[in-house]
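Shown next: input-v6.txt, containing compact mmCIF, C-alpha atoms.
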# COMPACT_ATOMS: atom_id res chain seq x y z
CA MET Z 6 59.46 -51.92 -31.87
CA LYS Z 7 61.39 -48.93 -33.15
CA LYS Z 8 59.75 -49.19 -36.57
CA LEU Z 9 56.31 -49.51 -34.97
CA THR Z 10 56.94 -46.39 -32.89
CA ILE Z 11 57.97 -44.46 -36.00
CA GLU Z 12 54.79 -45.61 -37.78
CA ILE Z 13 52.54 -44.53 -34.90
CA VAL Z 14 54.27 -41.17 -34.45
CA THR Z 15 54.07 -40.51 -38.21
CA ILE Z 16 50.35 -41.29 -38.37
CA ILE Z 17 49.60 -39.04 -35.40
CA LEU Z 18 51.76 -36.20 -36.71
CA VAL Z 19 50.07 -36.36 -40.12
CA ALA Z 20 46.65 -36.40 -38.43
CA VAL Z 21 47.44 -33.48 -36.11
CA THR Z 22 48.84 -31.40 -39.00
CA ALA Z 23 45.83 -32.13 -41.18
CA ALA Z 24 43.45 -31.37 -38.29
CA PHE Z 25 45.00 -27.97 -37.55
CA PHE Z 26 45.21 -27.06 -41.22
CA PHE Z 27 41.60 -28.06 -41.93
CA ASN Z 28 40.41 -26.22 -38.82
CA LEU Z 29 42.05 -23.05 -40.20
CA ILE Z 30 40.80 -23.26 -43.76
CA SER Z 31 37.30 -24.59 -43.05
CA GLY Z 32 34.54 -22.35 -41.78
CA ASN Z 33 34.80 -23.85 -38.29
CA ASN Z 34 38.00 -22.16 -37.09
CA ILE Z 35 37.56 -23.46 -33.56
CA ASN Z 36 39.91 -22.23 -30.85
CA ILE Z 37 40.97 -25.59 -29.49
CA PHE Z 38 42.64 -24.10 -26.44
CA ARG Z 39 39.44 -22.73 -24.97
CA PRO Z 40 37.42 -24.83 -22.52
CA TYR Z 41 34.23 -26.41 -23.79
CA LYS Z 42 31.12 -24.37 -23.15
CA SER Z 43 27.73 -25.99 -23.56
CA ASP Z 44 25.09 -24.00 -25.43
CA LEU Z 45 22.57 -25.01 -22.78
CA PRO Z 46 21.37 -22.12 -20.58
CA GLU Z 47 24.01 -21.15 -17.99
CA GLY Z 48 23.48 -22.19 -14.40
CA ASP Z 49 20.25 -23.94 -15.30
CA ARG Z 50 19.52 -26.65 -12.78
CA TYR Z 51 16.25 -27.62 -14.44
CA GLU Z 52 15.85 -31.34 -14.81
CA PRO Z 53 13.13 -32.19 -17.30
CA GLU Z 54 10.40 -34.47 -16.04
CA VAL Z 55 10.64 -37.87 -17.69
CA ILE Z 56 7.49 -39.81 -18.51
CA ASP Z 57 6.80 -43.34 -19.67
CA ILE Z 58 4.81 -44.42 -22.69
CA GLU Z 59 1.48 -44.70 -20.84
CA ILE Z 60 1.60 -41.14 -19.58
CA PHE Z 61 2.88 -40.01 -22.98
CA LYS Z 62 -0.14 -41.57 -24.69
CA PHE Z 63 -2.45 -40.07 -22.05
CA TYR Z 64 -1.26 -36.56 -22.88
CA LEU Z 65 -1.11 -37.28 -26.60
CA GLY Z 66 -4.84 -37.24 -27.02
CA LYS Z 67 -5.45 -34.14 -24.90
CA LYS Z 68 -6.29 -30.73 -26.27
CA GLY Z 69 -3.45 -28.24 -26.06
CA THR Z 70 -0.71 -30.86 -26.20
CA ILE Z 71 2.21 -30.22 -28.55
CA VAL Z 72 4.55 -33.08 -29.40
CA LEU Z 73 8.08 -32.25 -30.54
CA ASP Z 74 10.52 -34.58 -32.25
CA ALA Z 75 14.02 -33.42 -31.26
CA ARG Z 76 15.83 -35.33 -34.02
CA THR Z 77 17.19 -34.06 -37.33
CA GLU Z 78 14.93 -33.37 -40.30
CA ASP Z 79 16.10 -36.52 -42.09
CA ASP Z 80 15.30 -38.73 -39.11
CA PHE Z 81 11.93 -37.03 -38.70
CA ARG Z 82 11.03 -37.69 -42.33
CA ALA Z 83 12.09 -41.32 -41.99
CA GLY Z 84 9.26 -41.82 -39.48
CA HIS Z 85 7.92 -40.00 -36.46
CA ILE Z 86 5.19 -40.35 -33.86
CA PRO Z 87 1.84 -39.29 -35.41
CA GLY Z 88 1.02 -35.67 -34.70
CA ALA Z 89 4.58 -34.69 -33.78
CA ALA Z 90 6.30 -31.62 -35.19
CA GLY Z 91 9.97 -31.71 -36.05
CA PHE Z 92 12.19 -29.51 -33.86
CA ASN Z 93 15.84 -30.27 -34.50
CA THR Z 94 17.46 -29.35 -31.21
CA ARG Z 95 20.74 -28.60 -32.99
CA ASP Z 96 19.05 -25.81 -34.93
CA PHE Z 97 17.27 -24.52 -31.86
CA GLU Z 98 17.66 -20.76 -32.20
CA ARG Z 99 16.41 -20.59 -35.78
CA ILE Z 100 13.41 -22.85 -35.18
CA PHE Z 101 12.51 -21.11 -31.93
CA ARG Z 102 12.51 -17.74 -33.71
CA GLU Z 103 9.96 -19.15 -36.15
CA ARG Z 104 7.76 -21.11 -33.79
CA GLY Z 105 8.51 -20.08 -30.23
CA GLU Z 106 5.34 -18.02 -29.80
CA LEU Z 107 3.17 -20.96 -30.93
CA LEU Z 108 4.85 -23.22 -28.42
CA LYS Z 109 4.03 -20.82 -25.62
CA LEU Z 110 0.35 -21.29 -26.45
CA GLY Z 111 0.50 -25.04 -25.83
CA LYS Z 112 -0.67 -26.37 -22.47
CA THR Z 113 1.70 -29.32 -22.45
CA ILE Z 114 4.87 -29.93 -24.45
CA LEU Z 115 5.94 -33.54 -24.98
CA ILE Z 116 9.42 -34.15 -26.38
CA TYR Z 117 11.05 -37.32 -27.62
CA CYS Z 118 13.99 -38.41 -29.73
CA SER Z 119 15.32 -41.78 -30.86
CA GLY Z 120 15.44 -43.66 -27.56
CA PRO Z 121 16.96 -43.97 -24.09
CA GLY Z 122 20.48 -43.38 -25.38
CA CYS Z 123 19.60 -40.05 -26.99
CA THR Z 124 20.12 -36.80 -25.07
CA ASP Z 125 18.53 -34.45 -27.60
CA SER Z 126 15.07 -34.59 -26.03
CA SER Z 127 16.46 -33.53 -22.64
CA ASP Z 128 18.61 -30.84 -24.26
CA LEU Z 129 15.59 -29.44 -26.12
CA ALA Z 130 13.53 -29.48 -22.92
CA ILE Z 131 16.23 -27.52 -21.07
CA LYS Z 132 16.54 -24.96 -23.87
CA LEU Z 133 12.78 -24.46 -24.07
CA HIS Z 134 12.57 -24.12 -20.30
CA GLY Z 135 15.25 -21.46 -20.55
CA LYS Z 136 12.96 -19.56 -22.92
CA GLY Z 137 10.14 -19.57 -20.37
CA ILE Z 138 8.16 -22.61 -21.45
CA LYS Z 139 7.13 -24.56 -18.39
CA GLU Z 140 4.93 -27.63 -18.86
CA ILE Z 141 7.48 -29.88 -20.54
CA PHE Z 142 7.74 -33.65 -20.36
CA VAL Z 143 10.36 -35.88 -21.94
CA PHE Z 144 9.36 -39.28 -23.26
CA LYS Z 145 12.73 -41.01 -22.83
CA GLY Z 146 11.69 -44.23 -24.52
CA GLY Z 147 11.36 -42.30 -27.78
CA ILE Z 148 10.88 -43.84 -31.19
CA GLU Z 149 12.43 -47.12 -30.02
CA GLU Z 150 9.81 -47.73 -27.35
CA TRP Z 151 7.00 -46.46 -29.57
CA ILE Z 152 7.88 -49.02 -32.23
CA SER Z 153 8.43 -51.80 -29.65
CA ALA Z 154 4.94 -51.15 -28.33
CA GLY Z 155 3.61 -51.92 -31.81
CA ASP Z 156 2.49 -48.38 -32.56
CA GLU Z 157 2.75 -46.99 -36.05
CA LEU Z 158 4.82 -44.14 -37.32
CA GLU Z 159 3.80 -41.29 -39.58
CA TYR Z 160 5.81 -40.30 -42.62
CA GLU Z 161 5.70 -36.74 -43.93
CA GLU Z 162 7.82 -33.66 -44.50
CA ALA Z 163 9.39 -32.01 -41.48
CA ASP Z 164 7.82 -28.65 -40.60
CA MET K 7 46.56 -74.37 -33.46
CA ASN K 8 48.65 -76.42 -35.92
CA ILE K 9 51.11 -74.71 -38.22
CA GLU K 10 49.18 -75.27 -41.44
CA ARG K 11 45.97 -73.79 -40.05
CA GLU K 12 47.94 -70.91 -38.59
CA LYS K 13 49.45 -70.19 -42.01
CA LYS K 14 46.03 -70.32 -43.66
CA ILE K 15 44.74 -67.57 -41.41
CA PHE K 16 47.73 -65.37 -40.70
CA GLU K 17 49.39 -65.63 -44.11
CA ASN K 18 46.19 -65.47 -46.13
CA GLY K 19 46.79 -62.37 -48.21
CA PHE K 20 43.23 -62.21 -49.49
CA LEU K 21 41.70 -62.46 -46.01
CA LEU K 22 44.02 -59.77 -44.71
CA LEU K 23 43.22 -57.53 -47.67
CA ILE K 24 39.48 -57.89 -46.99
CA CYS K 25 39.98 -57.14 -43.30
CA ARG K 26 42.16 -54.09 -44.01
CA THR K 27 39.73 -52.74 -46.60
CA VAL K 28 36.61 -53.22 -44.51
CA LEU K 29 38.12 -51.86 -41.31
CA GLY K 30 39.76 -48.98 -43.16
CA PHE K 31 36.52 -47.93 -44.86
CA VAL K 32 34.57 -48.21 -41.61
CA PHE K 33 36.93 -45.78 -39.92
CA ILE K 34 37.09 -43.41 -42.88
CA TYR K 35 33.28 -43.34 -42.96
CA ALA K 36 33.19 -42.82 -39.19
CA SER K 37 35.49 -39.81 -39.42
CA ILE K 38 33.70 -37.76 -42.11
CA ASP K 39 30.77 -36.41 -40.08
CA LYS K 40 33.05 -35.58 -37.17
CA ILE K 41 35.56 -33.72 -39.35
CA LEU K 42 32.80 -31.65 -40.96
CA ASP K 43 31.03 -30.80 -37.67
CA PRO K 44 33.56 -30.74 -34.79
CA GLU K 45 31.28 -28.63 -32.56
CA THR K 46 28.64 -31.36 -32.46
CA PHE K 47 31.31 -34.00 -31.86
CA ALA K 48 32.66 -31.84 -29.01
CA GLN K 49 29.16 -31.78 -27.52
CA ILE K 50 28.99 -35.58 -27.75
CA LEU K 51 32.40 -35.93 -26.09
CA HIS K 52 31.17 -33.57 -23.38
CA ASN K 53 28.09 -35.75 -22.88
CA TYR K 54 30.30 -38.76 -22.16
CA LYS K 55 31.31 -36.89 -18.97
CA LEU K 56 34.74 -38.53 -19.07
CA LEU K 57 36.93 -35.60 -20.12
CA PRO K 58 37.45 -32.23 -18.38
CA ASP K 59 36.00 -29.19 -20.20
CA PHE K 60 39.46 -27.82 -21.10
CA PHE K 61 40.27 -31.05 -22.93
CA ILE K 62 37.19 -31.45 -25.11
CA TYR K 63 38.15 -29.51 -28.24
CA PRO K 64 41.62 -31.02 -28.91
CA PRO K 65 40.33 -34.61 -29.22
CA ALA K 66 37.16 -33.36 -30.98
CA ILE K 67 39.31 -31.90 -33.73
CA ILE K 68 42.24 -34.34 -33.84
CA LEU K 69 40.60 -37.73 -33.21
CA PRO K 70 38.53 -37.85 -36.42
CA TRP K 71 41.67 -37.11 -38.45
CA VAL K 72 43.50 -39.93 -36.69
CA GLU K 73 40.65 -42.24 -37.74
CA LEU K 74 40.78 -40.95 -41.33
CA ILE K 75 44.56 -41.21 -41.69
CA ALA K 76 44.82 -44.61 -39.97
CA GLY K 77 41.90 -45.95 -42.04
CA SER K 78 43.43 -44.65 -45.28
CA PHE K 79 46.88 -46.05 -44.50
CA LEU K 80 45.32 -49.38 -43.64
CA ILE K 81 43.59 -49.62 -47.01
CA ALA K 82 46.69 -48.45 -48.86
CA GLY K 83 48.85 -50.99 -47.04
CA ILE K 84 51.10 -48.28 -45.58
CA PHE K 85 52.28 -48.56 -41.96
CA VAL K 86 49.80 -51.39 -41.46
CA ARG K 87 51.01 -52.39 -38.01
CA GLY K 88 50.90 -48.81 -36.75
CA SER K 89 47.48 -48.11 -38.33
CA SER K 90 45.93 -51.31 -37.02
CA LEU K 91 47.37 -50.75 -33.55
CA ILE K 92 45.93 -47.21 -33.43
CA ILE K 93 42.54 -48.44 -34.65
CA ASN K 94 42.52 -51.26 -32.10
CA LEU K 95 43.37 -48.77 -29.32
CA LEU K 96 40.57 -46.46 -30.45
CA LEU K 97 38.11 -49.36 -30.43
CA ILE K 98 39.21 -50.35 -26.93
CA ILE K 99 38.74 -46.75 -25.75
CA PHE K 100 35.26 -46.58 -27.32
CA ILE K 101 34.29 -49.92 -25.74
CA HIS K 102 35.43 -48.79 -22.32
CA ALA K 103 33.68 -45.41 -22.62
CA ILE K 104 30.37 -46.97 -23.68
CA ALA K 105 30.55 -49.70 -21.02
CA PHE K 106 31.50 -47.22 -18.29
CA ASN K 107 28.58 -44.95 -19.10
CA LEU K 108 26.20 -47.90 -19.32
CA LEU K 109 27.25 -48.83 -15.79
CA ARG K 110 26.78 -45.24 -14.64
CA GLY K 111 23.34 -45.12 -16.22
CA ILE K 112 24.20 -42.06 -18.27
CA SER K 113 22.31 -41.74 -21.52
CA PHE K 114 24.34 -40.43 -24.40
CA ASP K 115 24.76 -40.36 -28.13
CA CYS K 116 27.75 -42.42 -29.08
CA GLY K 117 28.88 -40.21 -32.00
CA CYS K 118 30.82 -43.21 -33.27
CA PHE K 119 29.66 -43.27 -36.84
CA SER K 120 27.26 -40.42 -37.21
CA LEU K 121 26.45 -37.21 -35.42
CA SER K 122 22.77 -37.64 -36.23
CA ALA K 123 20.58 -37.77 -33.15
CA GLY K 124 18.74 -40.76 -34.53
CA SER K 125 21.74 -43.01 -34.84
CA GLY K 126 23.39 -45.51 -32.54
CA SER K 127 21.13 -45.06 -29.57
CA ASN K 128 21.27 -48.71 -28.40
CA ALA K 129 24.46 -48.83 -26.39
CA TYR K 130 24.57 -52.63 -26.29
CA LEU K 131 24.55 -52.81 -30.08
CA LEU K 132 27.34 -50.24 -30.17
CA LEU K 133 29.38 -52.33 -27.76
CA LEU K 134 28.81 -55.43 -29.85
CA ARG K 135 29.73 -53.61 -33.05
CA ASP K 136 33.01 -52.34 -31.61
CA LEU K 137 33.87 -55.77 -30.20
CA LEU K 138 33.27 -57.34 -33.61
CA LEU K 139 35.46 -54.71 -35.29
CA LEU K 140 38.28 -55.64 -32.91
CA ILE K 141 38.46 -59.09 -34.47
CA PRO K 142 39.81 -58.05 -37.89
CA GLY K 143 41.87 -55.34 -36.18
CA ILE K 144 43.69 -57.81 -33.96
CA LEU K 145 44.02 -60.28 -36.83
CA ILE K 146 45.69 -57.66 -39.02
CA TYR K 147 48.08 -56.48 -36.33
CA TYR K 148 49.04 -60.00 -35.26
CA SER K 149 49.46 -61.26 -38.84
CA TYR K 150 51.68 -58.43 -39.94
CA SER K 151 53.75 -58.64 -36.74
CA ARG K 152 54.08 -62.40 -37.06
CA ASN K 153 54.99 -62.29 -40.74
CA ARG K 154 57.54 -59.59 -40.05
CA ARG K 155 59.18 -61.74 -37.36
CA HIS K 156 59.20 -64.79 -39.66
CA ASN K 157 60.81 -62.77 -42.44
CA GLY K 158 63.64 -62.03 -40.00
CA SER K 159 63.28 -58.24 -40.08
CA LYS K 160 65.23 -56.32 -37.48
CA ASN K 161 63.54 -53.88 -35.12
This structure in structure tokens:
Amino acid sequence: MKKLTIEIVTIILVAVTAAFFFNLISGNNINIFRPYKSDLPEGDRYEPEVIDIEIFKFYLGKKGTIVLDARTEDDFRAGHIPGAAGFNTRDFERIFRERGELLKLGKTILIYCSGPGCTDSSDLAIKLHGKGIKEIFVFKGGIEEWISAGDELEYEEAD
Amino acid sequence: MNIEREKKIFENGFLLLICRTVLGFVFIYASIDKILDPETFAQILHNYKLLPDFFIYPPAIILPWVELIAGSFLIAGIFVRGSSLIINLLLIIFIHAIAFNLLRGISFDCGCFSLSAGSGSNAYLLLLRDLLLLIPGILIYYSYSRNRRHNGSKN
């Protein structure tokens, strides 16, 4: 038991030392003693409206609808819902600077990501709402439900 | 289980080597993304809604290194009991966190093996994967503990 305790303590000490050292020398330099602060808009109680696949398809064909894929560029390229534009929620500020004005022209914004377990579509909806975009719907079923329904994906470069 | 069959499993050096190598590489692979992007991992930990905000960054920075070091030691055959015990504990924590959030109906990105938004979204598959990984983990820990006792080592 004593030897096992020494092994565990050694592994943890090595890991903690390496973690602190890497945090210093890498570009991250995170202050680990500060509380976590989400980059979502402060005090925002907006809850995006969630829609199912039928309503999603209804809006899909309508004029003025913009569909956003909240996943990373690699995931977008690997297959996305036809007509969707890639909008990696983790690179929000940069992409919004480039395309925010276009989004404001859309009548309806539909957002999806990989499936029910993914929070990126909701996060993107909240961030866009914080920038003044109103008509936003989140298709929670995402790519998973789209594929399960037998619908095809499109493959092309991310915008 | 009779003694001969027990020996075949728990004293099978080749089987244990395979288990250590596979489990070690899985955890090393799992740690890389999280080490390189701790902010995103912190966001994922926050999304689990299990930890208070003041205790998000310490595990976000330290946990991936624990996975990397334990996985490396496991492959190298150093401190095998300690490494396997830590890995088994981590798996148990992940299983409980995923199951708890499934019960609460909270959607989340696991962040187990990749920080990509497109990965690991089916929580039931994640649960199954972690349960399957526990099998070699427990085998390794039990075998090395058993063999140590049989060799008459002192604690």
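CA of Tyr117 (chain Z) sits 10.9 Å away from CA of Ile141 (chain Z).
Across K:Pro64, K:Leu132, K:His52, K:Ala76, the tightest approach to Ile92 (chain K) is made by K:Ala76 when counting only C-alpha atoms.
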**Message:** Could you work out which residues of chain Z fall inside 6 Å of chain K? Count all atoms listed in the file, and format the result as a PyMOL selection string.
**Reply:** chain Z and resi 6-7+9+12-13+20-21+24+37+40-41+76+119+122-124
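When CA of Phe144 (chain Z) is paired with CA of Asp57 (chain Z), their separation reads 6.0 Å.
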**Message:** Just want the 12 Å neighbourhood of Leu138 (chain K), counted on only C-alpha atoms, with same-chain residues fewer than 4 positions away dropped. Output as a PyMOL selection string.
**Reply:** chain K and resi 25+29+94+97-98+101+131-134+142-145
**Request:** Give as a ChimeraX atom specification each residue that has an atom at most 8 Å from (12.0, -32.8, -38.1) in the file, counting all atoms listed in the file.
**Result:** /Z:74-82,90-93,162-164
If you count all atoms listed in the file, which residues fall within 12 Å of Gly137 (chain Z), apart from same-chain ones fewer than 3 positions away, as an mmCIF file with C-alpha atoms, in the coordinates of the input?
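See selection.cif below for the written result:
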data_model
loop_
_atom_site.group_PDB
_atom_site.id
_atom_site.type_symbol
_atom_site.label_atom_id
_atom_site.label_comp_id
_atom_site.auth_asym_id
_atom_site.auth_seq_id
_atom_site.Cartn_x
_atom_site.Cartn_y
_atom_site.Cartn_z
ATOM 1 C CA PRO Z 46 21.370 -22.120 -20.580
ATOM 2 C CA TYR Z 51 16.250 -27.620 -14.440
ATOM 3 C CA PHE Z 101 12.510 -21.110 -31.930
ATOM 4 C CA GLY Z 105 8.510 -20.080 -30.230
ATOM 5 C CA GLU Z 106 5.340 -18.020 -29.800
ATOM 6 C CA LEU Z 108 4.850 -23.220 -28.420
ATOM 7 C CA LYS Z 109 4.030 -20.820 -25.620
ATOM 8 C CA LEU Z 110 0.350 -21.290 -26.450
ATOM 9 C CA ALA Z 130 13.530 -29.480 -22.920
ATOM 10 C CA ILE Z 131 16.230 -27.520 -21.070
ATOM 11 C CA LYS Z 132 16.540 -24.960 -23.870
ATOM 12 C CA LEU Z 133 12.780 -24.460 -24.070
ATOM 13 C CA HIS Z 134 12.570 -24.120 -20.300
ATOM 14 C CA GLU Z 140 4.930 -27.630 -18.860
ATOM 15 C CA ILE Z 141 7.480 -29.880 -20.540
#
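Between CA of Gly147 (chain Z) and CA of Glu103 (chain Z) the interatomic distance comes to 24.7 Å.
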**Request:** Excluding Ile81 (chain K) and any residue of its chain fewer than 4 positions from it, enumerate the residues within 9 Å of it, using only C-alpha atoms, and give them as an MDAnalysis selection string.
**Result:** chainID K and resid 23 26:31 76:77 86
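Comparing the minimum interatomic distances between Ala83 (chain Z) and each of Z:Val143, Z:Ile17, Z:Cys118, Z:Leu158, counting only C-alpha atoms, we find that Z:Leu158 sits nearest.
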What are the centre and edge lengths in Å, to one decimal, of the axis-aligned box around all listed atoms of region 56-66 of chain K with 3 Å added on each side, as lines of an AutoDock Vina configuration file?
center_x = 38.2
center_y = -33.2
center_z = -24.7
size_x = 12.9
size_y = 16.7
size_z = 18.6
**Message:** Please list as a PyMOL selection string every residue within 8 Å of Glu157 (chain Z), counting all atoms listed in the file and excluding residues in the same chain fewer than 2 positions away.
**Reply:** chain Z and resi 86-87+151-152+155+159
Could those selected residues go to a file with C-alpha atoms, as a PDB file, in the frame of the given file?
ATOM      1  CA  ILE Z  86       5.190 -40.350 -33.860  1.00  0.00           C
ATOM      2  CA  PRO Z  87       1.840 -39.290 -35.410  1.00  0.00           C
ATOM      3  CA  TRP Z 151       7.000 -46.460 -29.570  1.00  0.00           C
ATOM      4  CA  ILE Z 152       7.880 -49.020 -32.230  1.00  0.00           C
ATOM      5  CA  GLY Z 155       3.610 -51.920 -31.810  1.00  0.00           C
ATOM      6  CA  GLU Z 159       3.800 -41.290 -39.580  1.00  0.00           C
TER       7      GLU Z 159
END
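Compared by their closest atoms to Asp136 (chain K), and using all atoms listed in the file, the residues K:Ile93, K:Leu22, K:Leu109, K:Ala82 rank with K:Ile93 nearest.
The smallest atom-to-atom distance between Tyr160 (chain Z) and any of Z:Leu107, Z:Pro121, Z:Gly135, Z:Gly84, using all atoms listed in the file, is found for Z:Gly84.
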